Amino acid sequence: MCALCGVLGGAEHWTDAVARPGVFTRNTDAASRRRERISQVAAANRVLKHYRVSLADWQGTAFVLSSATGKTEIVDNLGHLWTAAERLTGKPCDPLDAELITAMERELG
Amino acid sequence: MADTSPDFTPVTLITGFLGSGKTTLLQRLLLDPALYDSAVLLNEFGEIGLDHHLLERIDEKMVMLQSGCVCCSIRGELSAAIKDLHSRRERGLLPPFRRLVIESTGLADPFPILSTVRSDPVLRHHFSLGNVITTVDAVNGARQLAAQPESIKQVAVADRLVLTKTDLTTAEAATRLTKRLRHINPSAPLWHAAEDNLDADALLSGEDHEAWQPPDSNDVVPDKHHRHADDIRTLALSIDEPVDWTRFGVWLTMLLNRHGAALLRVKGILHVADAATPVAVHAVQHLVHTPRHLEGWPDADRRSRLVFIARGLDPAVIERSFRAFSMPQKTKLSVRGGV
C-alpha cells in the first residue's frame, strides 16, 4: 500500500508481469517499466480515441481514464481498462466491431 | 535442490468426460518414478468415492474431494484442499511434493479450476498452471462431443490429448475421432493410450509451451474457416512480421473483456519485436497465463503462430481485428488452416 495515498497494490496482470525466470515481461527495471507504460498508454489511446476517452499514467502504478466531459476513473491495469471504458462511455468496447476495425485499418495505411 | 519444493508448484489437471479413462491414466502415470513426488487431488461426483481405491495408492499426499463437482459447488473446497496440502508441506508434515495433479469429475468445466489456481490470492503465489490433459474415449467420444458441450470445452482447453480405448474400436472410427479432435484443438499433442508408450514427463512437464506444435496441415480441412454444427471454429494464423507486444496486449485484453467466454482457447508463440527469443502466450477464456520466454524456436520457422478456438465468433473477423490492432504496419498474414 502507498503510505501517502492509501492505494493498495493490485494483483499482477499478464501485460506487466513481475520479472522472474522464464517470464516474458518488460517490467524488469525502472527505465524499461517506464518506457513500457508510456507505450501502453499510447497503444490504448490509439483505440480509446474512437470512444472519445483517453488514458494517462498515474504515478507509474495505475492509469487514469478520462472522458471528454471530465468523468474519470482509476484503473489498475489493462485488464481492468475495458470494463472501466465501457462504464464511462456506456458503450461496448468491441475489437470485433466492423466499424472500429475499419477505422484502425485506415490508420495503419 | 532435490529436497525442497519448487517456488511455484505446477498444477496438472486431468480432465475428460465421464468414463473416458481419467483414473486409469492417472493410475498408469503414478507408476512412473517421475511422478513419485506428486500430490494428487481427486474430485468425484457422487456420494461414494471410488477413484482413490482404484488408484491403489492411498497416502497422505492424496486428497479426495467428494459430494460435488469441483468446477461449481465445491470450488472453495478445492482452494482449501490445495492450501492445506501446501501448509502441511511447509510445516514438514508432508514429504515435499513437486507437482500437484488434480483429477476432475467428468462433468467439470476446466476453466473454474484453472481460474481458482490462477486467481486465489494465496495459491497464485505458490502454484502455477501446468498442463491440462484431456482423455477422450475412442468408443463414445464422438457421441459425447456431439451431445455434451462440456466435453468440447475439455478438448478445446487441452495441452495434451489422450485417446483411450482405441483397442475397443475400429481404426477408422479412431481416425475419424482424431480428425474431429484435431478440428477442435489443432495444436495439442495427441497420444493413443492403448498403443503409445505414455511418457509421463512429456504429459506432465511444466514446460508445456516448449512443446507447442503448429497445426499439422494434414489434420485440418483446407477450407479457410469451416463451421461445425456446434459452432466451434478454429483459426490458425502465421504472421511474417514481428508483433508489437504492447499493441497485442491492448488488443487481447480488449478481446477477452468482450468475448472471453466464447474464446475457449488462445495459444501461440510470438516473434515479438525486440525480443531475442519467442514468447509463448496461452489463454483459456478470460484467464491468461503469464507470458513465457522460450529458450528457442521449435523449428526453423521464425514466424509468429497463433491458434484461436472460439465458439460463435467469426475467425475472419478475429484475423482482421488482430491485424488492425496488433501489427505496427501493413504486414503479410497467412492462414494455415481453419475449422
# chains A, B, ... in the order shown; residues from 1 in each chain; ligands from 1
$ residues_around --residues "Leu65 in chain A" --least-positions-apart "2" --cutoff "7 Å" --atoms "only C-alpha atoms" --output "PyMOL selection string"
chain A and resi 53-56+63+67+72-74
$ residues_around --residues "Gly60 in chain A" --least-positions-apart "2" --cutoff "12 Å" --atoms "only C-alpha atoms" --output "ChimeraX atom specification"
/A:9,16,27,30-38,40-41,56-58,62-64,75-77
$ write_last_selection --atoms "C-alpha atoms" --output "PDB file, in the first residue's frame"
ATOM      1  CA  GLY A   9      -1.165  -2.658  -4.824  1.00  0.00           C
ATOM      2  CA  ASP A  16       3.124  -6.290 -16.771  1.00  0.00           C
ATOM      3  CA  ASN A  27       8.644  -4.910 -16.026  1.00  0.00           C
ATOM      4  CA  ALA A  30      12.770   1.297 -13.719  1.00  0.00           C
ATOM      5  CA  ALA A  31      13.629   2.511 -17.219  1.00  0.00           C
ATOM      6  CA  SER A  32      12.016  -0.440 -19.038  1.00  0.00           C
ATOM      7  CA  ARG A  33       8.951  -0.262 -16.811  1.00  0.00           C
ATOM      8  CA  ARG A  34       8.533   3.445 -17.512  1.00  0.00           C
ATOM      9  CA  ARG A  35       9.102   3.016 -21.240  1.00  0.00           C
ATOM     10  CA  GLU A  36       6.536   0.218 -21.401  1.00  0.00           C
ATOM     11  CA  ARG A  37       3.924   2.223 -19.509  1.00  0.00           C
ATOM     12  CA  ILE A  38       4.331   5.085 -21.990  1.00  0.00           C
ATOM     13  CA  GLN A  40       0.829   1.056 -23.137  1.00  0.00           C
ATOM     14  CA  VAL A  41      -0.791   4.469 -22.759  1.00  0.00           C
ATOM     15  CA  ALA A  56      -2.878   8.602 -18.733  1.00  0.00           C
ATOM     16  CA  ASP A  57      -0.293   7.063 -16.461  1.00  0.00           C
ATOM     17  CA  TRP A  58      -0.810   7.670 -12.748  1.00  0.00           C
ATOM     18  CA  ALA A  62      -2.130   2.809 -12.147  1.00  0.00           C
ATOM     19  CA  PHE A  63      -3.842   4.587 -15.022  1.00  0.00           C
ATOM     20  CA  VAL A  64      -6.436   7.348 -15.119  1.00  0.00           C
ATOM     21  CA  VAL A  75      -7.764   1.558 -13.413  1.00  0.00           C
ATOM     22  CA  ASP A  76      -5.113  -0.811 -12.134  1.00  0.00           C
ATOM     23  CA  ASN A  77      -4.071  -2.429 -15.376  1.00  0.00           C
TER      24      ASN A  77
END
$ residues_around --residues "range 83-94 of chain A" --least-positions-apart "3" --cutoff "12 Å" --atoms "only C-alpha atoms" --output "PyMOL selection string"
(chain A and resi 44-45+47-55+63-80+97-101) or (chain B and resi 250-260+317-318+321+325)
$ interface_residues --of "chain A" --to "chain B" --cutoff "7 Å" --atoms "only C-alpha atoms" --output "ChimeraX atom specification"
/A:14-15,17,22-24,39-40,43-44,78-79,82,94-96,101,104-105,108
$ write_last_selection --atoms "C-alpha atoms" --output "short mmCIF file (atom, residue, chain, number, x, y, z; two decimals), in the first residue's frame"
data_model
loop_
_atom_site.label_atom_id
_atom_site.label_comp_id
_atom_site.auth_asym_id
_atom_site.auth_seq_id
_atom_site.Cartn_x
_atom_site.Cartn_y
_atom_site.Cartn_z
CA TRP A 14 -0.05 -10.61 -17.54
CA THR A 15 0.74 -7.43 -19.50
CA ALA A 17 4.08 -9.49 -15.01
CA GLY A 22 11.26 -17.74 -17.74
CA VAL A 23 8.66 -14.97 -17.70
CA PHE A 24 8.49 -12.50 -20.58
CA SER A 39 3.89 2.57 -24.82
CA GLN A 40 0.83 1.06 -23.14
CA ALA A 43 -1.33 1.91 -27.66
CA ALA A 44 -4.50 2.13 -25.56
CA LEU A 78 -5.04 -3.11 -18.97
CA GLY A 79 -7.28 -5.95 -17.83
CA TRP A 82 -12.02 -2.11 -20.84
CA ASP A 94 -15.60 -4.48 -29.02
CA PRO A 95 -12.44 -5.13 -31.06
CA LEU A 96 -14.53 -7.23 -33.46
CA ILE A 101 -11.65 -2.36 -37.33
CA MET A 104 -7.99 1.11 -37.21
CA GLU A 105 -7.08 -0.26 -40.64
CA LEU A 108 -2.33 1.62 -40.50
#
$ atom_distance --atom1 "CA of Ala147 in chain B" --atom2 "CA of Leu42 in chain B"
25.4 Å
$ closest_residue --among "B:Thr105, B:Gln27, B:Ser128, B:Ser115" --to "Pro10 in chain B" --atoms "only C-alpha atoms"
B:Ser128
$ atom_distance --atom1 "CA of Ile152 in chain B" --atom2 "CA of Val266 in chain B"
15.1 Å
$ select_by_dssp --residues "range 15-104 of chain A" --states "strand (DSSP E)" --output "VMD selection string"
chain A and resid 53 to 58 62 to 67 72 to 75
$ write_last_selection --atoms "N, CA and C atoms" --output "PDB file, in the first residue's frame"
ATOM      1  N   VAL A  53     -12.502   8.780 -25.172  1.00  0.00           N
ATOM      2  CA  VAL A  53     -11.925   8.749 -23.823  1.00  0.00           C
ATOM      3  C   VAL A  53     -10.410   8.626 -23.972  1.00  0.00           C
ATOM      4  N   SER A  54      -9.684   8.977 -22.910  1.00  0.00           N
ATOM      5  CA  SER A  54      -8.224   8.884 -23.007  1.00  0.00           C
ATOM      6  C   SER A  54      -7.636   8.348 -21.711  1.00  0.00           C
ATOM      7  N   LEU A  55      -6.458   7.789 -21.851  1.00  0.00           N
ATOM      8  CA  LEU A  55      -5.778   7.153 -20.719  1.00  0.00           C
ATOM      9  C   LEU A  55      -4.487   7.906 -20.424  1.00  0.00           C
ATOM     10  N   ALA A  56      -4.158   8.007 -19.137  1.00  0.00           N
ATOM     11  CA  ALA A  56      -2.878   8.602 -18.733  1.00  0.00           C
ATOM     12  C   ALA A  56      -2.287   7.759 -17.620  1.00  0.00           C
ATOM     13  N   ASP A  57      -0.970   7.790 -17.538  1.00  0.00           N
ATOM     14  CA  ASP A  57      -0.293   7.063 -16.461  1.00  0.00           C
ATOM     15  C   ASP A  57      -0.530   7.799 -15.147  1.00  0.00           C
ATOM     16  N   TRP A  58      -0.634   7.054 -14.064  1.00  0.00           N
ATOM     17  CA  TRP A  58      -0.810   7.670 -12.748  1.00  0.00           C
ATOM     18  C   TRP A  58       0.240   7.123 -11.802  1.00  0.00           C
ATOM     19  N   ALA A  62      -0.759   2.997 -11.661  1.00  0.00           N
ATOM     20  CA  ALA A  62      -2.130   2.809 -12.147  1.00  0.00           C
ATOM     21  C   ALA A  62      -2.321   3.717 -13.363  1.00  0.00           C
ATOM     22  N   PHE A  63      -3.516   3.701 -13.898  1.00  0.00           N
ATOM     23  CA  PHE A  63      -3.842   4.587 -15.022  1.00  0.00           C
ATOM     24  C   PHE A  63      -5.079   5.391 -14.657  1.00  0.00           C
ATOM     25  N   VAL A  64      -5.208   6.569 -15.277  1.00  0.00           N
ATOM     26  CA  VAL A  64      -6.436   7.348 -15.119  1.00  0.00           C
ATOM     27  C   VAL A  64      -7.119   7.424 -16.475  1.00  0.00           C
ATOM     28  N   LEU A  65      -8.363   7.008 -16.483  1.00  0.00           N
ATOM     29  CA  LEU A  65      -9.158   7.046 -17.707  1.00  0.00           C
ATOM     30  C   LEU A  65     -10.092   8.248 -17.611  1.00  0.00           C
ATOM     31  N   SER A  66     -10.110   9.073 -18.654  1.00  0.00           N
ATOM     32  CA  SER A  66     -10.923  10.291 -18.593  1.00  0.00           C
ATOM     33  C   SER A  66     -11.785  10.422 -19.830  1.00  0.00           C
ATOM     34  N   SER A  67     -12.996  10.911 -19.624  1.00  0.00           N
ATOM     35  CA  SER A  67     -13.877  11.170 -20.767  1.00  0.00           C
ATOM     36  C   SER A  67     -13.769  12.635 -21.151  1.00  0.00           C
ATOM     37  N   THR A  72     -13.782  10.699 -14.688  1.00  0.00           N
ATOM     38  CA  THR A  72     -12.514   9.956 -14.611  1.00  0.00           C
ATOM     39  C   THR A  72     -12.679   8.690 -13.777  1.00  0.00           C
ATOM     40  N   GLU A  73     -11.804   7.767 -14.050  1.00  0.00           N
ATOM     41  CA  GLU A  73     -11.790   6.529 -13.268  1.00  0.00           C
ATOM     42  C   GLU A  73     -10.352   6.008 -13.216  1.00  0.00           C
ATOM     43  N   ILE A  74      -9.959   5.530 -12.046  1.00  0.00           N
ATOM     44  CA  ILE A  74      -8.621   4.942 -11.918  1.00  0.00           C
ATOM     45  C   ILE A  74      -8.713   3.471 -12.258  1.00  0.00           C
ATOM     46  N   VAL A  75      -7.789   2.993 -13.092  1.00  0.00           N
ATOM     47  CA  VAL A  75      -7.764   1.558 -13.413  1.00  0.00           C
ATOM     48  C   VAL A  75      -6.378   1.009 -13.100  1.00  0.00           C
TER      49      VAL A  75
END
$ residues_around --residues "Glu150 in chain B" --least-positions-apart "5" --cutoff "9 Å" --atoms "only C-alpha atoms" --output "ChimeraX atom specification"
/B:16-17,106-110,144-145,155
$ atom_distance --atom1 "CA of Ala262 in chain B" --atom2 "CA of Leu100 in chain B"
28.4 Å
$ select_by_dssp --residues "range 4-105 of chain A" --states "helix (DSSP H, G or I)" --output "JSON, numbers by chain"
{"A": [14, 15, 16, 30, 31, 32, 33, 34, 35, 36, 37, 38, 39, 40, 41, 42, 43, 44, 45, 46, 47, 48, 49, 50, 51, 78, 79, 80, 81, 82, 83, 84, 85, 86, 87, 88, 89, 98, 99, 100, 101, 102, 103, 104, 105]}
$ write_last_selection --atoms "C-alpha atoms" --output "compact mmCIF listing (two decimals), in the first residue's frame"
# COMPACT_ATOMS: atom_id res chain seq x y z
CA TRP A 14 -0.05 -10.61 -17.54
CA THR A 15 0.74 -7.43 -19.50
CA ASP A 16 3.12 -6.29 -16.77
CA ALA A 30 12.77 1.30 -13.72
CA ALA A 31 13.63 2.51 -17.22
CA SER A 32 12.02 -0.44 -19.04
CA ARG A 33 8.95 -0.26 -16.81
CA ARG A 34 8.53 3.45 -17.51
CA ARG A 35 9.10 3.02 -21.24
CA GLU A 36 6.54 0.22 -21.40
CA ARG A 37 3.92 2.22 -19.51
CA ILE A 38 4.33 5.09 -21.99
CA SER A 39 3.89 2.57 -24.82
CA GLN A 40 0.83 1.06 -23.14
CA VAL A 41 -0.79 4.47 -22.76
CA ALA A 42 -0.06 5.30 -26.42
CA ALA A 43 -1.33 1.91 -27.66
CA ALA A 44 -4.50 2.13 -25.56
CA ASN A 45 -5.19 5.71 -26.64
CA ARG A 46 -4.91 4.65 -30.27
CA VAL A 47 -8.07 2.62 -29.62
CA LEU A 48 -9.73 4.71 -26.92
CA LYS A 49 -9.88 7.86 -29.04
CA HIS A 50 -12.58 6.16 -31.09
CA TYR A 51 -14.69 6.14 -27.91
CA LEU A 78 -5.04 -3.11 -18.97
CA GLY A 79 -7.28 -5.95 -17.83
CA HIS A 80 -9.49 -3.53 -15.91
CA LEU A 81 -9.29 -0.84 -18.57
CA TRP A 82 -12.02 -2.11 -20.84
CA THR A 83 -14.72 -2.64 -18.24
CA ALA A 84 -13.98 0.88 -16.96
CA ALA A 85 -14.09 2.30 -20.50
CA GLU A 86 -17.44 0.63 -21.09
CA ARG A 87 -18.77 2.05 -17.82
CA LEU A 88 -17.54 5.53 -18.67
CA THR A 89 -18.80 5.59 -22.25
CA ALA A 98 -16.52 -3.82 -38.05
CA GLU A 99 -16.56 -0.01 -37.95
CA LEU A 100 -13.79 0.11 -35.37
CA ILE A 101 -11.65 -2.36 -37.33
CA THR A 102 -12.11 -0.28 -40.48
CA ALA A 103 -11.06 2.87 -38.62
CA MET A 104 -7.99 1.11 -37.21
CA GLU A 105 -7.08 -0.26 -40.64
$ closest_residue --among "B:Val157, B:Ala273, B:Val117, B:Ala194" --to "Gln285 in chain B" --atoms "only C-alpha atoms"
B:Val157
